[in-house]
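For reference, coords-v2.cif (mmCIF, C-alpha atoms):
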```
data_input
#
loop_
_atom_site.label_atom_id
_atom_site.label_comp_id
_atom_site.auth_asym_id
_atom_site.auth_seq_id
_atom_site.Cartn_x
_atom_site.Cartn_y
_atom_site.Cartn_z
CA MET A 297 0.00 0.00 0.00
CA ALA A 298 1.33 3.38 -0.96
CA ILE A 299 2.31 5.85 1.71
CA ILE A 300 1.13 9.44 1.42
CA PRO A 301 4.14 10.96 -0.40
CA GLN A 302 3.82 8.21 -3.01
CA LEU A 303 0.24 9.12 -3.83
CA ALA A 304 -0.64 11.06 -6.95
CA ILE A 305 -0.70 14.78 -6.33
CA VAL A 306 -3.34 17.19 -7.57
CA ASP A 307 -2.66 20.83 -8.28
CA ALA A 308 -6.26 21.96 -7.99
CA LEU A 309 -8.50 20.74 -5.24
CA SER A 310 -12.21 20.67 -5.89
CA LEU A 311 -14.70 21.78 -3.26
CA THR A 312 -16.38 18.40 -3.69
CA ASP A 313 -13.21 16.44 -2.90
CA TYR A 314 -13.04 14.60 0.42
CA ILE A 315 -10.48 14.61 3.21
CA PRO A 316 -10.45 11.89 5.88
CA PHE A 317 -10.44 13.04 9.48
CA TRP A 318 -10.95 11.78 13.01
CA SER A 319 -14.25 12.93 14.47
CA GLN A 320 -13.89 13.71 18.16
CA ALA A 321 -17.65 13.75 18.60
CA ASN A 322 -18.22 10.35 17.00
CA GLY A 323 -14.97 8.61 17.90
CA ASP A 324 -14.37 7.33 14.41
CA THR A 325 -12.81 8.18 11.06
CA ARG A 326 -15.05 10.15 8.73
CA ARG A 327 -14.80 12.22 5.57
CA ILE A 328 -15.36 15.90 5.11
CA SER A 329 -15.71 17.74 1.85
CA VAL A 330 -13.26 20.51 1.11
CA GLN A 331 -16.28 22.81 0.93
CA ASN A 332 -17.32 21.98 4.48
CA LEU A 333 -13.75 22.35 5.73
CA VAL A 334 -13.51 25.78 4.11
CA ASN A 335 -16.86 26.73 5.61
CA LEU A 336 -15.77 25.63 9.07
CA ILE A 337 -12.54 27.65 8.98
CA SER A 338 -13.94 30.76 7.34
CA THR A 339 -16.92 30.89 9.69
CA ALA A 340 -14.70 30.54 12.75
CA ALA A 341 -12.43 33.27 11.41
CA GLY A 342 -15.23 35.68 10.61
CA ILE A 343 -14.16 35.92 7.00
CA THR A 344 -17.50 34.90 5.61
CA SER A 345 -19.63 37.29 3.62
CA PRO A 346 -21.23 39.74 6.02
CA THR A 347 -24.66 39.27 7.48
CA VAL A 348 -26.55 42.32 6.24
CA TYR A 349 -29.07 44.23 8.34
CA ARG A 350 -31.01 46.62 6.14
CA VAL A 351 -32.67 49.50 7.93
CA SER A 352 -34.86 51.98 6.12
CA PRO A 353 -37.61 53.57 8.29
CA SER A 354 -36.61 57.03 9.40
CA GLY A 355 -35.55 57.22 13.03
CA GLU A 356 -35.78 53.50 13.74
CA GLY A 357 -33.23 52.18 16.16
CA VAL A 358 -30.91 49.46 14.94
CA THR A 359 -30.55 46.26 16.94
CA ILE A 360 -28.14 43.55 15.93
CA ALA A 361 -29.80 40.28 16.74
CA SER A 362 -28.04 37.76 18.93
CA PRO A 363 -26.26 35.49 18.34
CA VAL A 364 -24.25 37.83 16.21
CA GLY A 365 -22.54 36.87 12.98
CA ARG A 366 -18.79 37.24 13.04
CA ASN A 367 -19.02 39.78 10.25
CA VAL A 368 -21.97 42.19 10.08
CA TRP A 369 -22.91 45.03 7.76
CA VAL A 370 -25.56 47.45 9.01
CA LEU A 371 -26.82 49.04 5.84
CA SER A 372 -28.91 52.10 6.70
CA LYS A 373 -30.83 53.31 3.69
CA PRO A 374 -33.61 55.67 4.75
CA SER A 375 -35.46 58.01 2.43
CA ALA A 376 -34.42 61.10 4.36
CA ASP A 377 -32.01 62.28 7.02
CA TYR A 378 -32.37 60.93 10.57
CA ALA A 379 -32.76 63.39 13.43
CA ALA A 380 -31.80 60.71 15.90
CA THR A 381 -31.39 56.96 16.07
CA SER A 382 -29.70 54.36 18.20
CA PHE A 383 -27.47 51.41 17.47
CA GLN A 384 -27.59 48.46 19.86
CA PHE A 385 -24.58 46.20 19.70
CA PRO A 386 -24.92 42.41 20.07
CA LEU A 387 -25.20 40.88 23.51
CA GLN A 388 -21.69 40.98 24.99
CA THR A 389 -21.65 37.37 26.15
CA LEU A 390 -22.13 36.20 22.57
CA CYS A 391 -19.39 38.37 21.05
CA GLN A 392 -16.06 36.86 20.06
CA GLN A 393 -12.59 38.29 19.54
CA GLY A 394 -12.37 40.03 16.20
CA ASP A 395 -16.09 40.29 15.49
CA LYS A 396 -16.60 43.14 13.05
CA ILE A 397 -19.48 45.46 12.27
CA LEU A 398 -19.52 47.85 9.32
CA PHE A 399 -22.09 50.64 9.52
CA THR A 400 -23.01 52.67 6.44
CA THR A 401 -25.70 55.24 5.77
CA ASN A 402 -26.83 57.05 2.67
CA HIS A 403 -28.46 59.87 4.67
CA ALA A 404 -27.13 61.94 7.52
CA ILE A 405 -27.79 60.97 11.12
CA THR A 406 -27.69 64.01 13.37
CA THR A 407 -27.58 62.15 16.68
CA LEU A 408 -26.36 58.58 16.86
CA THR A 409 -26.56 56.83 20.23
CA SER A 410 -24.81 53.56 20.95
CA LEU A 411 -26.04 50.89 23.35
CA GLY A 412 -23.25 48.53 24.32
CA ASN A 413 -25.48 45.66 25.53
CA GLY A 414 -22.80 44.73 28.06
CA SER A 415 -19.78 45.95 26.11
CA THR A 416 -17.89 49.22 26.30
CA ILE A 417 -18.15 51.26 23.11
CA ILE A 418 -15.05 53.24 22.21
CA GLY A 419 -14.83 55.70 19.36
CA GLN A 420 -18.20 55.33 17.72
CA PRO A 421 -19.22 58.62 16.12
CA THR A 422 -22.17 60.47 17.62
CA ALA A 423 -23.31 61.65 14.19
CA MET A 424 -22.86 60.55 10.60
CA SER A 425 -22.85 62.44 7.34
CA ALA A 426 -24.58 61.23 4.20
CA ASN A 427 -22.72 58.29 2.66
CA GLY A 428 -20.60 58.03 5.76
CA SER A 429 -19.34 54.81 7.30
CA PHE A 430 -17.40 53.39 10.21
CA THR A 431 -16.24 49.97 11.34
CA MET A 432 -16.17 48.59 14.88
CA MET A 433 -14.21 45.54 16.01
CA TYR A 434 -14.65 43.58 19.24
CA ASP A 435 -11.81 42.93 21.66
CA ALA A 436 -12.59 40.28 24.25
CA VAL A 437 -9.86 41.35 26.69
CA ASN A 438 -11.17 44.89 27.01
CA ILE A 439 -14.76 43.66 26.59
CA GLY A 440 -15.31 46.47 24.16
CA TRP A 441 -16.01 47.51 20.62
CA PHE A 442 -13.30 49.75 19.17
CA ARG A 443 -13.58 51.88 16.11
CA VAL A 444 -11.00 50.57 13.64
CA ALA A 445 -12.00 52.41 10.47
CA MET B 50 -8.64 -3.02 6.60
CA THR B 51 -8.85 -0.63 3.70
CA THR B 52 -11.81 1.68 3.25
CA ARG B 53 -12.21 4.09 0.39
CA ILE B 54 -12.48 7.69 1.58
CA ASN B 55 -15.76 8.22 -0.21
CA LYS B 56 -17.23 5.25 1.67
CA LEU B 57 -16.50 6.77 5.06
CA PRO B 58 -19.43 8.27 6.95
CA THR B 59 -19.84 11.99 6.59
CA THR B 60 -20.52 14.48 9.32
CA ASP B 61 -22.61 17.61 9.15
CA ILE B 62 -21.08 19.33 12.14
CA PRO B 63 -17.30 19.10 12.08
CA SER B 64 -15.33 20.61 14.96
CA LEU B 65 -12.12 22.62 14.97
CA TYR B 66 -10.80 19.96 17.35
CA ASP B 67 -11.29 17.10 14.93
CA LEU B 68 -8.06 15.61 13.59
CA LEU B 69 -6.59 15.55 10.10
CA ILE B 70 -3.88 13.20 8.90
CA MET B 71 -0.88 14.95 7.35
CA PHE B 72 2.45 14.13 5.84
CA LEU B 73 5.19 16.50 6.98
CA GLY B 74 7.39 17.39 4.06
CA THR B 75 10.23 18.61 6.23
CA SER B 76 10.59 15.57 8.48
CA MET B 77 9.08 13.06 6.05
CA ARG B 78 6.66 11.52 8.52
CA LEU B 79 2.96 11.17 9.09
CA CYS B 80 1.22 13.03 11.87
CA HIS B 81 -2.18 14.25 12.91
CA ARG B 82 -3.08 17.87 13.53
CA ALA B 83 -6.28 19.46 14.73
CA ILE B 84 -8.30 21.41 12.20
CA LEU B 85 -7.68 24.27 14.63
CA ASP B 86 -4.00 24.20 13.69
CA VAL B 87 -4.89 24.52 10.01
CA TYR B 88 -7.23 27.35 10.96
CA ASN B 89 -4.42 29.19 12.77
CA PHE B 90 -2.09 28.69 9.82
CA VAL B 91 -4.62 30.06 7.35
CA VAL B 92 -6.04 32.83 9.47
CA ALA B 93 -2.87 34.27 11.05
CA PRO B 94 -2.20 36.70 8.18
CA ILE B 95 -5.79 37.97 8.10
CA LYS B 96 -6.78 38.03 11.77
CA PRO B 97 -4.97 40.54 13.97
CA THR B 98 -2.76 39.46 16.83
CA MET B 99 -3.60 41.64 19.82
CA VAL B 100 -1.00 43.86 21.46
CA TYR B 101 -2.12 45.75 24.56
CA ALA B 102 -0.69 48.81 26.26
CA SER B 103 -2.16 50.97 28.99
CA PRO B 104 0.21 53.92 29.36
CA GLY B 105 -0.41 55.75 32.59
CA SER B 106 1.68 58.82 31.96
CA ASN B 107 3.21 60.94 29.24
CA GLY B 108 6.47 60.15 27.51
CA LEU B 109 6.12 56.36 27.41
CA SER B 110 6.51 54.15 24.35
CA GLN B 111 5.40 50.80 22.99
CA SER B 112 7.68 48.61 20.89
CA LEU B 113 6.09 46.31 18.34
CA SER B 114 7.38 42.88 17.34
CA PRO B 115 7.37 41.69 13.75
CA ILE B 116 3.92 40.12 13.35
CA ARG B 117 2.11 39.76 10.06
CA TYR B 118 -1.06 41.49 11.28
CA GLN B 119 -1.31 43.13 14.66
CA TRP B 120 -3.73 45.39 16.45
CA LEU B 121 -2.16 47.68 19.05
CA SER B 122 -4.94 48.50 21.48
CA LEU B 123 -3.98 51.50 23.59
CA THR B 124 -6.07 52.08 26.68
CA PRO B 125 -4.56 55.09 28.44
CA LEU B 126 -6.06 55.89 31.80
CA THR B 127 -6.57 59.50 30.67
CA ALA B 128 -5.80 61.62 27.64
CA LEU B 129 -2.05 61.87 27.02
CA SER B 130 0.04 64.62 25.51
CA THR B 131 2.93 62.41 24.33
CA PHE B 132 3.40 58.76 23.41
CA THR B 133 5.69 56.89 21.01
CA ILE B 134 5.07 53.77 18.94
CA LEU B 135 8.25 51.99 17.88
CA PHE B 136 7.52 49.95 14.77
CA PRO B 137 9.09 46.48 14.24
CA PRO B 138 12.69 46.45 12.98
CA VAL B 139 12.66 47.06 9.24
CA ALA B 140 14.83 43.97 8.68
CA ASN B 141 12.12 41.77 10.16
CA SER B 142 9.12 43.39 8.47
CA LEU B 143 7.56 41.70 5.47
CA GLN B 144 5.62 42.91 2.48
CA ASN B 145 1.98 43.66 3.39
CA ASP B 146 2.51 43.47 7.17
CA VAL B 147 -0.28 45.45 8.82
CA ILE B 148 -0.35 47.44 12.06
CA LYS B 149 -3.71 48.63 13.30
CA VAL B 150 -3.76 51.15 16.18
CA THR B 151 -6.70 52.21 18.32
CA SER B 152 -6.72 54.35 21.41
CA ALA B 153 -9.41 54.61 24.05
CA ALA B 154 -8.26 58.14 24.91
CA ALA B 155 -6.78 60.96 22.88
CA ILE B 156 -3.02 61.29 22.46
CA SER B 157 -2.23 64.76 21.19
CA THR B 158 1.39 64.17 20.16
CA LEU B 159 1.91 60.67 18.83
CA THR B 160 5.42 59.86 17.59
CA LEU B 161 5.69 57.07 15.02
CA SER B 162 9.20 55.68 14.89
CA GLY B 163 9.87 53.52 11.85
CA ASN B 164 12.78 51.61 13.43
CA GLY B 165 14.73 51.75 10.19
CA ALA B 166 11.73 52.14 7.91
CA THR B 167 10.02 55.30 6.77
CA VAL B 168 6.54 56.03 8.12
CA ALA B 169 4.88 57.95 5.32
CA THR B 170 2.38 60.07 7.17
CA SER B 171 1.89 63.49 8.63
CA ILE B 172 -0.40 62.07 11.31
CA SER B 173 0.80 63.08 14.75
CA SER B 174 -2.13 62.29 17.01
CA ILE B 175 -4.78 59.65 17.62
CA SER B 176 -8.22 59.62 19.20
CA PRO B 177 -10.92 56.99 19.82
CA THR B 178 -12.82 58.13 16.74
CA ALA B 179 -9.75 58.28 14.50
CA PRO B 180 -7.97 54.90 14.47
CA LEU B 181 -4.86 54.29 12.38
CA GLU B 182 -3.66 51.48 10.17
CA PHE B 183 -0.33 51.07 8.40
CA THR B 184 0.73 48.61 5.70
CA PHE B 185 4.37 47.83 4.94
CA ASP B 186 5.95 47.94 1.50
CA SER B 187 9.27 46.11 1.50
CA VAL B 188 10.48 47.65 -1.77
CA ALA B 189 10.33 51.17 -0.38
CA SER B 190 10.94 50.04 3.23
CA THR B 191 7.99 52.23 4.09
CA TRP B 192 4.88 51.98 6.25
CA TYR B 193 1.95 53.60 4.44
CA VAL B 194 -1.30 54.73 5.99
CA SER B 195 -4.01 52.32 4.85
CA ILE B 196 -6.76 53.74 7.06
CA PRO B 197 -6.28 57.44 7.92
#
```
Could you quickly redo this structure as structure tokens?
Amino acid sequence: MAIIPQLAIVDALSLTDYIPFWSQANGDTRRISVQNLVNLISTAAGITSPTVYRVSPSGEGVTIASPVGRNVWVLSKPSADYAATSFQFPLQTLCQQGDKILFTTNHAITTLTSLGNGSTIIGQPTAMSANGSFTMMYDAVNIGWFRVA
Amino acid sequence: MTTRINKLPTTDIPSLYDLLIMFLGTSMRLCHRAILDVYNFVVAPIKPTMVYASPGSNGLSQSLSPIRYQWLSLTPLTALSTFTILFPPVANSLQNDVIKVTSAAAISTLTLSGNGATVATSISSISPTAPLEFTFDSVASTWYVSIP
């Protein structure tokens, strides 16, 4: 029986190819598709496509549902400027290191209030101009969301 | 007993702690590694390594090690007038290395020391609402602002 370095090599893996692995949960050897392995790693790393929250009614507060996705885009697209609105971050106990939230708006928000939901919020703007944006990232050590862009 | 891989049972919910079989090219032997190890290998360049500093007074500095992607999280106790960030040695910095900097309090005079590299910016302060990010170009030995 050939050992691994004697096997034929492929230059291009397919997402439908299989890799054998030991399943800790089942206590046996199983197979996993490359697609599922990629999904597992990218989901854990928060590098999946963002979960999009679209908000359009004027003045409506924005609440990110829990459990949060690792990568979230709050897309605010009202028909007119906001006088005031609030932005409630995900429940702190469900946040993970490196979670990221991008917030964009096509209309100005005169007063933007943040609700940490257990986390400290550092650097979030208190107002936004039309077509403005900012990005917050979660740090588990400081138990806080920091503005990173 | 020999079983074809495509005859093995599948699983819908794999875990990062499940084990993969690997052949190590350097030592020419078989081993098993957790999927978590593959995750760390893949994600290290795109997920920031945290570096923390809580300067309590003016005039302090923070040296950075050569890491592919790092996030320096400054949490001063109060606003500071002076603070210095010493970038990684230029000889150990690689193309596309990224340094992200946030500060929980304002620093009015922030010195950015390239440690042999050029830091191409006129930025001289930082605040909670104005984070910084720098990306390294090895050809020019220069850190460029990638998020002003």
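Candidate residues A:Phe442, A:Phe399, A:Ile315, A:Ala436 were compared for distance to Ile418 in chain A, and the nearest is A:Phe442, using only C-alpha atoms.
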Next on the checklist: Give me, as a ChimeraX atom specification, the residues of chain A touching chain B, with the criterion being at most 6 Å (counting only C-alpha atoms).
Outcome noted: /A:317-320,326-327,337,419,444
Checklist entry - Hey, what's within 6 Å of Tyr434 in chain A if we count all atoms listed in the file and toss same-chain stuff fewer than 6 positions away? As a ChimeraX atom specification, please? => result /A:393-395,440-441
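Each of A:Cys391, A:Ala404, A:Val370, A:Leu398 was compared to Arg443 in chain A using only C-alpha atoms, and A:Leu398 turns out to be the nearest.
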Checklist outcome for this item: Expressed in Å, the length from CA of Tyr378 in chain A to CA of Ile397 in chain A is 20.2 Å
Next on the checklist: Going by the chain IDs and residue numbers used in this file, which residues fall under the PyMOL selection byres ((chain A and resi 368) around 8)? Write them as a ChimeraX atom specification.
Outcome noted: /A:346-349,364-367,369-370,396-398
Write the residues of the selection above to a file with C-alpha atoms, as an mmCIF file, in the frame of the given file.
```
data_model
loop_
_atom_site.group_PDB
_atom_site.id
_atom_site.type_symbol
_atom_site.label_atom_id
_atom_site.label_comp_id
_atom_site.auth_asym_id
_atom_site.auth_seq_id
_atom_site.Cartn_x
_atom_site.Cartn_y
_atom_site.Cartn_z
ATOM 1 C CA PRO A 346 -21.230 39.740 6.020
ATOM 2 C CA THR A 347 -24.660 39.270 7.480
ATOM 3 C CA VAL A 348 -26.550 42.320 6.240
ATOM 4 C CA TYR A 349 -29.070 44.230 8.340
ATOM 5 C CA VAL A 364 -24.250 37.830 16.210
ATOM 6 C CA GLY A 365 -22.540 36.870 12.980
ATOM 7 C CA ARG A 366 -18.790 37.240 13.040
ATOM 8 C CA ASN A 367 -19.020 39.780 10.250
ATOM 9 C CA TRP A 369 -22.910 45.030 7.760
ATOM 10 C CA VAL A 370 -25.560 47.450 9.010
ATOM 11 C CA LYS A 396 -16.600 43.140 13.050
ATOM 12 C CA ILE A 397 -19.480 45.460 12.270
ATOM 13 C CA LEU A 398 -19.520 47.850 9.320
#
```
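Look at range 132-147 of chain B: the protein and nucleic acid residues within 7 Å of it, using all atoms listed in the file and passing over chain neighbours fewer than 4 places away, are B:Asn107, B:Gly108, B:Leu109, B:Ser110, B:Gln111, B:Ser112, B:Leu113, B:Ser114, B:Pro115, B:Arg117, B:Tyr118, B:Gln119, B:Ile156, B:Thr158, B:Leu159, B:Thr160, B:Leu161, B:Ser162, B:Gly163, B:Asn164, B:Gly165, B:Ala166, B:Phe183, B:Thr184, B:Phe185, B:Asp186, B:Ser187, B:Ser190.
Using all atoms listed in the file for every distance, the candidate list B:Thr127, B:Pro94, B:Ser106, B:Thr191 yields B:Thr191 as the residue closest to Thr170 in chain B.
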Item to check | Residues returned when the PyMOL selection byres ((chain A and resi 389) around 10) runs on this file, as a PyMOL selection string | outcome: chain A and resi 362-363+386-388+390-392+413-415+436+439
Output file for the selection above: C-alpha atoms, as a PDB file, keeping the file's coordinate frame:
```pdb
ATOM      1  CA  SER A 362     -28.040  37.760  18.930  1.00  0.00           C
ATOM      2  CA  PRO A 363     -26.260  35.490  18.340  1.00  0.00           C
ATOM      3  CA  PRO A 386     -24.920  42.410  20.070  1.00  0.00           C
ATOM      4  CA  LEU A 387     -25.200  40.880  23.510  1.00  0.00           C
ATOM      5  CA  GLN A 388     -21.690  40.980  24.990  1.00  0.00           C
ATOM      6  CA  LEU A 390     -22.130  36.200  22.570  1.00  0.00           C
ATOM      7  CA  CYS A 391     -19.390  38.370  21.050  1.00  0.00           C
ATOM      8  CA  GLN A 392     -16.060  36.860  20.060  1.00  0.00           C
ATOM      9  CA  ASN A 413     -25.480  45.660  25.530  1.00  0.00           C
ATOM     10  CA  GLY A 414     -22.800  44.730  28.060  1.00  0.00           C
ATOM     11  CA  SER A 415     -19.780  45.950  26.110  1.00  0.00           C
ATOM     12  CA  ALA A 436     -12.590  40.280  24.250  1.00  0.00           C
ATOM     13  CA  ILE A 439     -14.760  43.660  26.590  1.00  0.00           C
TER      14      ILE A 439
END
```
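Each of A:Ser338, A:Gln331, A:Thr400, A:Thr312 was compared to Thr431 in chain A using all atoms listed in the file, and A:Thr400 turns out to be the nearest.
Against the coordinates shown, the PyMOL selection byres ((chain A and resi 401) around 6) returns Ser372, Lys373, Thr400, Asn402, His403, Asn427 and Gly428 of chain A.
Atom pair CA of Ile148 in chain B / CA of Ser345 in chain A has a distance of 23.4 Å (rounded to one decimal).
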Checklist outcome for this item: Using only C-alpha atoms, the shortest atom-to-atom distance to Ser173 in chain B among B:Ser157, B:Ser103, B:Ser130, B:Thr75 belongs to B:Ser157
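The interatomic distance for the pair CA of Leu311 in chain A and CA of Ser329 in chain A works out to 6.6 Å.
With all atoms listed in the file as the atoms that count, the minimum distance from Ile116 in chain B to the choices B:Ala189, B:Val100, B:Ile175, B:Val194 is reached by B:Val100.
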